[in-house]
Amino acid sequence: MHHDELLLAATILIAASTLSVVIFRKAGFGSVLGLLATGIVVGPSGLAVTREVEQFRSVTELGVVLLLFVIGLEMDHRRLWAMRRAIFGMGLAQVAATGAVLAAGAMMLGHRFDAALIMGLGLALSSTAFVMQLLEERGEVLTTHGRGAFGILLLQDLMVVPLLLLVALLAGQPGPAQEAGEAGADLGTRLALAVAMLGLVVATGRWLLPRALAYAARQRNAEAFTGLALLAVVLAAWAMEVAGLSMALGAFLMGMLLARSRFHHQLEADVAPFKGVLLSLFFISVGMSIDVGLLRDHAGSIALVVCAIILVKASILALVARLFGHGRADALRLAALLGQGGEFGFVLFGAARALGLLDDATFVQTILVISTSMAATPLLVRAAQFAIGRWKLEDEPERTAVSDLKRHVIICGFGRVGRIVGAMLEATQMPYLAIERDPARLDDDRARQGPIIFGNASDRAILARAGIDRAAVVVVTLDDPKAVLKVVSAVRNFHAEVPVLARARDMRTRSAMLAQGVDEAVPEAVEMSLALGEAVLQRLEVADDTRAFLAGQLRADGFAALAALEMPEQH
């Protein structure tokens, strides 16, 4: 593809995806369905921007890898251990039961046992990318059904290697005793390689990366920090790929290793833009894989198969969820979320076709079934939510995915001034959250005890992590006027309704800040002068009310009287 064709394709992709996301989110269907529609329009069945759908999807699967890394950052080993029933209980029960039923159905349709078994187990898996994106958009990752869905998806990711080995076994790879011995030796080699790669990921995430991130943070080197964040993801994905494991699983492990790091909020913020772009392209690639012509020619049979698969998976999921103690509403949500086929099916069925277990026609149809079931997921989630409200199903109390802070103060900068503001807020029992970029300030006891996160306050993702959409006011205490204006711009561009108060050096800086949208800027030089003047008058035994009156007059009208006294060269 020449560079002009590449630019044209990129222009069409960006324009179509932006327009479809706006339209579909406005209609309440979410961005995923809009991106799938974009893929259908620009794919081989539409504008044919590119016909290399397989290569395009293999690249965009890095978006799924980044998504699992971000999820890992929110998960430490204690929370993972608390989810063991969801992972090894619900997950195993769902995969085994769904795989058995779907395999039996495939055999009834005339498929051989080996092909039917692979089809049943492959279609029993769900889409991590679709489900987790929907949960993130709806703020439900840490709800009861969100944790249950993630536990099942994690178990399904762990099934990647066993299912690929099963494909090889069903294709007749072991054979005679000698070949079986060679297969055993090969399996031992693979196991040793997997252990070595896991050790590399653990050592990097546990010891090496935290030290490197701390050094980059102390140097205020944002580019190096972002580079290290991406390196962590790519290294983990590469190591797991070499070991024959799931790339997404490796990224999740790396994220979990860094979850207790003081930098995990900024890591998530740095990775978020790349994750968003690549994950969007992944959904578009899934839409591209939908052959509209084939879907039109076999609409009845494909629709019947998709409905049957979703019905079987949803029924088993709901039953398993109820058996493991979930309420009716949570069981229904889980059934709607996980009823589709998963992206791993593309890999599994491709391997099965390469080894002769599936013919070309069956492979194309299964890929079309997976893609169509994915497209139906946002609609199923909406339908489930409507049914919950209509039937007035009882919900268990849920923990939301966002902080409980509401009407709180966000303090940007937790140095000398920021800590004084925080102390005053604590004295009046007002909730606040501080954002600090200097790692040295996070090391002392005062910072450890306070509500503070590491990050760049001018980063929109960090502000979102701090709950900017629920904040009562933002206070910027940074001493660099340029840094202050960057934070103000980030707040004003996306959350213009939140008041912004800032620290200014002098009257000139205050005027510039007010012009840029700051609601109030306090000039520290002027306030220091007023405090000094009051101290002088106190020594001269001037009455308290007189001192307060004079200071109030000078502060009145936005320090207008003092502005004329300040020399142009004063700082």
# chains A, B, ... in the order shown; residues from 1 in each chain; ligands from 1
>>> residues_around(residues="A:Lys313", least_positions_apart="5", cutoff="10 Å", atoms="only C-alpha atoms", output="mmCIF file with N, CA and C atoms, in the first residue's frame")
data_model
loop_
_atom_site.group_PDB
_atom_site.id
_atom_site.type_symbol
_atom_site.label_atom_id
_atom_site.label_comp_id
_atom_site.auth_asym_id
_atom_site.auth_seq_id
_atom_site.Cartn_x
_atom_site.Cartn_y
_atom_site.Cartn_z
ATOM 1 N N GLN A 94 -18.514 -23.304 33.926
ATOM 2 C CA GLN A 94 -19.104 -22.727 32.709
ATOM 3 C C GLN A 94 -18.471 -23.300 31.447
ATOM 4 N N VAL A 95 -17.131 -23.354 31.406
ATOM 5 C CA VAL A 95 -16.457 -23.847 30.202
ATOM 6 C C VAL A 95 -16.789 -25.320 29.961
ATOM 7 N N ALA A 97 -19.402 -27.200 31.086
ATOM 8 C CA ALA A 97 -20.809 -27.446 30.758
ATOM 9 C C ALA A 97 -21.164 -26.897 29.377
ATOM 10 N N THR A 98 -20.733 -25.680 29.084
ATOM 11 C CA THR A 98 -21.058 -25.081 27.787
ATOM 12 C C THR A 98 -20.377 -25.837 26.654
ATOM 13 N N GLY A 99 -19.095 -26.185 26.864
ATOM 14 C CA GLY A 99 -18.390 -26.939 25.829
ATOM 15 C C GLY A 99 -19.047 -28.268 25.524
ATOM 16 N N VAL A 101 -22.273 -29.169 25.948
ATOM 17 C CA VAL A 101 -23.569 -28.990 25.284
ATOM 18 C C VAL A 101 -23.376 -28.557 23.831
ATOM 19 N N LEU A 102 -22.479 -27.599 23.603
ATOM 20 C CA LEU A 102 -22.269 -27.119 22.234
ATOM 21 C C LEU A 102 -21.623 -28.195 21.365
ATOM 22 N N LEU A 123 -16.247 -22.230 21.199
ATOM 23 C CA LEU A 123 -17.400 -21.326 21.294
ATOM 24 C C LEU A 123 -17.847 -21.126 22.737
ATOM 25 N N ALA A 124 -17.372 -21.968 23.657
ATOM 26 C CA ALA A 124 -17.693 -21.773 25.077
ATOM 27 C C ALA A 124 -16.968 -20.562 25.651
ATOM 28 N N LEU A 125 -15.891 -20.138 24.992
ATOM 29 C CA LEU A 125 -15.122 -18.983 25.470
ATOM 30 C C LEU A 125 -15.794 -17.689 25.037
ATOM 31 N N SER A 126 -15.615 -16.655 25.831
ATOM 32 C CA SER A 126 -16.214 -15.350 25.563
ATOM 33 C C SER A 126 -15.132 -14.333 25.236
ATOM 34 N N CYS A 307 -28.255 -17.518 17.675
ATOM 35 C CA CYS A 307 -29.261 -17.485 18.744
ATOM 36 C C CYS A 307 -29.161 -18.723 19.634
ATOM 37 N N ALA A 308 -28.911 -19.882 19.022
ATOM 38 C CA ALA A 308 -28.804 -21.108 19.810
ATOM 39 C C ALA A 308 -27.587 -21.062 20.726
ATOM 40 N N ALA A 318 -26.228 -18.296 33.623
ATOM 41 C CA ALA A 318 -27.179 -17.894 34.656
ATOM 42 C C ALA A 318 -27.308 -18.975 35.726
ATOM 43 N N LEU A 319 -27.358 -20.229 35.289
ATOM 44 C CA LEU A 319 -27.473 -21.342 36.239
ATOM 45 C C LEU A 319 -26.227 -21.430 37.118
ATOM 46 N N ALA A 335 -25.137 -13.491 32.184
ATOM 47 C CA ALA A 335 -25.583 -14.225 31.000
ATOM 48 C C ALA A 335 -25.536 -13.343 29.761
ATOM 49 N N ALA A 336 -25.959 -12.084 29.895
ATOM 50 C CA ALA A 336 -25.953 -11.170 28.753
ATOM 51 C C ALA A 336 -24.540 -10.767 28.360
ATOM 52 N N LEU A 338 -21.609 -12.463 28.780
ATOM 53 C CA LEU A 338 -20.696 -13.516 28.345
ATOM 54 C C LEU A 338 -21.303 -14.472 27.329
ATOM 55 N N GLY A 339 -22.401 -14.098 26.725
ATOM 56 C CA GLY A 339 -23.072 -15.004 25.793
ATOM 57 C C GLY A 339 -22.435 -15.100 24.428
ATOM 58 N N GLN A 340 -21.513 -14.186 24.101
ATOM 59 C CA GLN A 340 -20.915 -14.166 22.756
ATOM 60 C C GLN A 340 -19.714 -15.093 22.645
ATOM 61 N N GLY A 341 -19.245 -15.287 21.412
ATOM 62 C CA GLY A 341 -17.993 -15.985 21.198
ATOM 63 C C GLY A 341 -16.823 -15.052 21.461
#
>>> residues_around(residues="A:Tyr432", least_positions_apart="2", cutoff="7 Å", atoms="only C-alpha atoms", output="list in words")
His408, Val409, Ile410, Met430 and Ala434 of chain A
>>> atom_distance(atom1="atom CA of A:Asp544", atom2="atom CA of A:Val526")
19.9 Å
>>> closest_residue(among="A:Phe130, A:Val233, A:Pro273, A:Ala203", to="A:Ser371", atoms="only C-alpha atoms")
A:Phe130
>>> residues_around(residues="A:Leu134", least_positions_apart="3", cutoff="12 Å", atoms="only C-alpha atoms", output="PyMOL selection string")
chain A and resi 25+29-33+67+127-131+137-141+146+149-150+333+336-338+374+377-382
>>> write_last_selection(atoms="C-alpha atoms", output="compact mmCIF listing (two decimals), in the first residue's frame")
# COMPACT_ATOMS: atom_id res chain seq x y z
CA ARG A 25 -23.25 6.41 22.17
CA PHE A 29 -25.77 1.55 22.46
CA GLY A 30 -22.17 2.28 23.51
CA SER A 31 -19.02 2.69 21.45
CA VAL A 32 -18.35 -1.02 20.79
CA LEU A 33 -21.36 -1.50 18.52
CA LEU A 67 -6.65 -3.72 28.38
CA SER A 127 -14.61 -12.11 24.44
CA THR A 128 -12.42 -10.50 27.10
CA ALA A 129 -12.09 -7.34 25.01
CA PHE A 130 -15.83 -6.87 24.50
CA VAL A 131 -16.89 -7.69 28.03
CA GLU A 137 -17.81 2.10 29.93
CA ARG A 138 -20.58 1.36 32.42
CA GLY A 139 -18.33 1.70 35.49
CA GLU A 140 -19.08 -1.89 36.56
CA VAL A 141 -15.66 -3.57 36.63
CA GLY A 146 -18.21 -7.45 37.03
CA ALA A 149 -17.39 -11.96 34.68
CA PHE A 150 -13.69 -11.19 35.06
CA ARG A 333 -26.21 -9.56 33.69
CA ALA A 336 -25.95 -11.17 28.75
CA LEU A 337 -22.30 -10.14 29.07
CA LEU A 338 -20.70 -13.52 28.35
CA MET A 374 -20.00 -10.14 19.45
CA THR A 377 -23.56 -8.28 22.96
CA PRO A 378 -24.28 -4.54 23.56
CA LEU A 379 -27.90 -5.15 22.59
CA LEU A 380 -28.12 -8.12 24.96
CA VAL A 381 -26.71 -6.04 27.82
CA ARG A 382 -29.30 -3.34 27.23
>>> residues_around(residues="A:Arg510", least_positions_apart="2", cutoff="12 Å", atoms="only C-alpha atoms", output="MDAnalysis selection string")
chainID A and resid 481 484:485 501:508 512:526 558:560 563 571
>>> residues_around(residues="A:Leu267", least_positions_apart="6", cutoff="9 Å", atoms="only C-alpha atoms", output="list in words")
Val70, Leu73, Phe225, Thr226, Ala229, Leu230, Leu258 and Gly455 of chain A
>>> write_last_selection(atoms="C-alpha atoms", output="mmCIF file, in the first residue's frame")
data_model
loop_
_atom_site.group_PDB
_atom_site.id
_atom_site.type_symbol
_atom_site.label_atom_id
_atom_site.label_comp_id
_atom_site.auth_asym_id
_atom_site.auth_seq_id
_atom_site.Cartn_x
_atom_site.Cartn_y
_atom_site.Cartn_z
ATOM 1 C CA VAL A 70 -4.800 -1.938 32.938
ATOM 2 C CA LEU A 73 -3.101 -2.637 37.686
ATOM 3 C CA PHE A 225 8.173 6.916 32.178
ATOM 4 C CA THR A 226 5.685 6.301 29.358
ATOM 5 C CA ALA A 229 5.069 1.542 30.893
ATOM 6 C CA LEU A 230 4.781 0.354 27.290
ATOM 7 C CA LEU A 258 2.788 -3.311 39.461
ATOM 8 C CA GLY A 455 0.475 11.359 38.682
#
>>> atom_distance(atom1="atom CA of A:Leu358", atom2="atom CA of A:Ala115")
6.2 Å
>>> select_by_dssp(residues="stretch 366-555 of chain A", states="strand (DSSP E)", output="PDB file with N, CA and C atoms, in the first residue's frame")
ATOM      1  N   VAL A 409     -12.560  17.828  47.181  1.00  0.00           N
ATOM      2  CA  VAL A 409     -11.610  18.798  46.648  1.00  0.00           C
ATOM      3  C   VAL A 409     -10.425  18.044  46.073  1.00  0.00           C
ATOM      4  N   ILE A 410     -10.044  18.400  44.865  1.00  0.00           N
ATOM      5  CA  ILE A 410      -8.842  17.827  44.250  1.00  0.00           C
ATOM      6  C   ILE A 410      -7.725  18.847  44.379  1.00  0.00           C
ATOM      7  N   ILE A 411      -6.665  18.458  45.075  1.00  0.00           N
ATOM      8  CA  ILE A 411      -5.510  19.340  45.263  1.00  0.00           C
ATOM      9  C   ILE A 411      -4.411  18.897  44.305  1.00  0.00           C
ATOM     10  N   CYS A 412      -4.077  19.748  43.368  1.00  0.00           N
ATOM     11  CA  CYS A 412      -3.046  19.447  42.372  1.00  0.00           C
ATOM     12  C   CYS A 412      -1.712  19.991  42.877  1.00  0.00           C
ATOM     13  N   TYR A 432     -10.949  15.200  50.442  1.00  0.00           N
ATOM     14  CA  TYR A 432     -10.086  15.695  49.375  1.00  0.00           C
ATOM     15  C   TYR A 432      -9.194  14.571  48.879  1.00  0.00           C
ATOM     16  N   LEU A 433      -8.639  14.785  47.699  1.00  0.00           N
ATOM     17  CA  LEU A 433      -7.674  13.860  47.112  1.00  0.00           C
ATOM     18  C   LEU A 433      -6.577  14.686  46.458  1.00  0.00           C
ATOM     19  N   ALA A 434      -5.331  14.382  46.794  1.00  0.00           N
ATOM     20  CA  ALA A 434      -4.200  15.129  46.259  1.00  0.00           C
ATOM     21  C   ALA A 434      -3.535  14.363  45.131  1.00  0.00           C
ATOM     22  N   ILE A 435      -3.051  15.100  44.140  1.00  0.00           N
ATOM     23  CA  ILE A 435      -2.286  14.536  43.025  1.00  0.00           C
ATOM     24  C   ILE A 435      -0.884  15.118  43.092  1.00  0.00           C
ATOM     25  N   GLU A 436       0.121  14.264  43.187  1.00  0.00           N
ATOM     26  CA  GLU A 436       1.509  14.733  43.324  1.00  0.00           C
ATOM     27  C   GLU A 436       2.403  13.993  42.328  1.00  0.00           C
ATOM     28  N   ILE A 452      -3.614  10.493  48.659  1.00  0.00           N
ATOM     29  CA  ILE A 452      -2.751  11.063  47.641  1.00  0.00           C
ATOM     30  C   ILE A 452      -2.402   9.999  46.615  1.00  0.00           C
ATOM     31  N   ILE A 453      -2.360  10.398  45.347  1.00  0.00           N
ATOM     32  CA  ILE A 453      -1.973   9.488  44.273  1.00  0.00           C
ATOM     33  C   ILE A 453      -0.845  10.123  43.480  1.00  0.00           C
ATOM     34  N   PHE A 454      -0.006   9.256  42.907  1.00  0.00           N
ATOM     35  CA  PHE A 454       1.075   9.745  42.064  1.00  0.00           C
ATOM     36  C   PHE A 454       0.538   9.969  40.654  1.00  0.00           C
ATOM     37  N   VAL A 473     -14.464  21.207  43.779  1.00  0.00           N
ATOM     38  CA  VAL A 473     -13.537  22.271  43.383  1.00  0.00           C
ATOM     39  C   VAL A 473     -12.162  21.660  43.140  1.00  0.00           C
ATOM     40  N   VAL A 474     -11.394  22.287  42.259  1.00  0.00           N
ATOM     41  CA  VAL A 474     -10.007  21.906  42.008  1.00  0.00           C
ATOM     42  C   VAL A 474      -9.109  23.034  42.495  1.00  0.00           C
ATOM     43  N   VAL A 475      -8.119  22.676  43.312  1.00  0.00           N
ATOM     44  CA  VAL A 475      -7.173  23.661  43.835  1.00  0.00           C
ATOM     45  C   VAL A 475      -5.792  23.325  43.268  1.00  0.00           C
ATOM     46  N   VAL A 476      -5.200  24.280  42.545  1.00  0.00           N
ATOM     47  CA  VAL A 476      -3.891  24.057  41.928  1.00  0.00           C
ATOM     48  C   VAL A 476      -2.852  24.826  42.732  1.00  0.00           C
ATOM     49  N   VAL A 500     -12.152  26.258  39.601  1.00  0.00           N
ATOM     50  CA  VAL A 500     -10.702  26.085  39.729  1.00  0.00           C
ATOM     51  C   VAL A 500     -10.111  27.253  40.495  1.00  0.00           C
ATOM     52  N   LEU A 501      -9.418  26.953  41.594  1.00  0.00           N
ATOM     53  CA  LEU A 501      -8.685  27.953  42.360  1.00  0.00           C
ATOM     54  C   LEU A 501      -7.202  27.651  42.229  1.00  0.00           C
ATOM     55  N   ALA A 502      -6.384  28.697  42.149  1.00  0.00           N
ATOM     56  CA  ALA A 502      -4.966  28.472  41.883  1.00  0.00           C
ATOM     57  C   ALA A 502      -4.102  29.383  42.733  1.00  0.00           C
ATOM     58  N   ARG A 503      -2.874  28.947  42.883  1.00  0.00           N
ATOM     59  CA  ARG A 503      -1.840  29.726  43.550  1.00  0.00           C
ATOM     60  C   ARG A 503      -1.080  30.522  42.493  1.00  0.00           C
ATOM     61  N   ALA A 504      -0.909  31.815  42.738  1.00  0.00           N
ATOM     62  CA  ALA A 504      -0.182  32.684  41.814  1.00  0.00           C
ATOM     63  C   ALA A 504       1.004  33.320  42.533  1.00  0.00           C
ATOM     64  N   GLU A 520     -10.464  31.762  40.649  1.00  0.00           N
ATOM     65  CA  GLU A 520      -9.814  32.639  41.628  1.00  0.00           C
ATOM     66  C   GLU A 520      -8.353  32.239  41.757  1.00  0.00           C
ATOM     67  N   ALA A 521      -7.479  33.233  41.729  1.00  0.00           N
ATOM     68  CA  ALA A 521      -6.047  32.999  41.898  1.00  0.00           C
ATOM     69  C   ALA A 521      -5.558  33.881  43.037  1.00  0.00           C
ATOM     70  N   VAL A 522      -4.876  33.255  43.981  1.00  0.00           N
ATOM     71  CA  VAL A 522      -4.402  33.970  45.162  1.00  0.00           C
ATOM     72  C   VAL A 522      -2.916  34.274  45.001  1.00  0.00           C
ATOM     73  N   PRO A 523      -2.539  35.545  44.913  1.00  0.00           N
ATOM     74  CA  PRO A 523      -1.113  35.900  44.762  1.00  0.00           C
ATOM     75  C   PRO A 523      -0.382  35.759  46.082  1.00  0.00           C
TER      76      PRO A 523
END
>>> closest_residue(among="A:Gln55, A:Asn493, A:Ser261, A:Ser529", to="A:Leu209", atoms="only C-alpha atoms")
A:Ser261
>>> closest_residue(among="A:Gly120, A:Pro451, A:Gly105, A:Gly72", to="A:Leu348", atoms="only C-alpha atoms")
A:Gly120
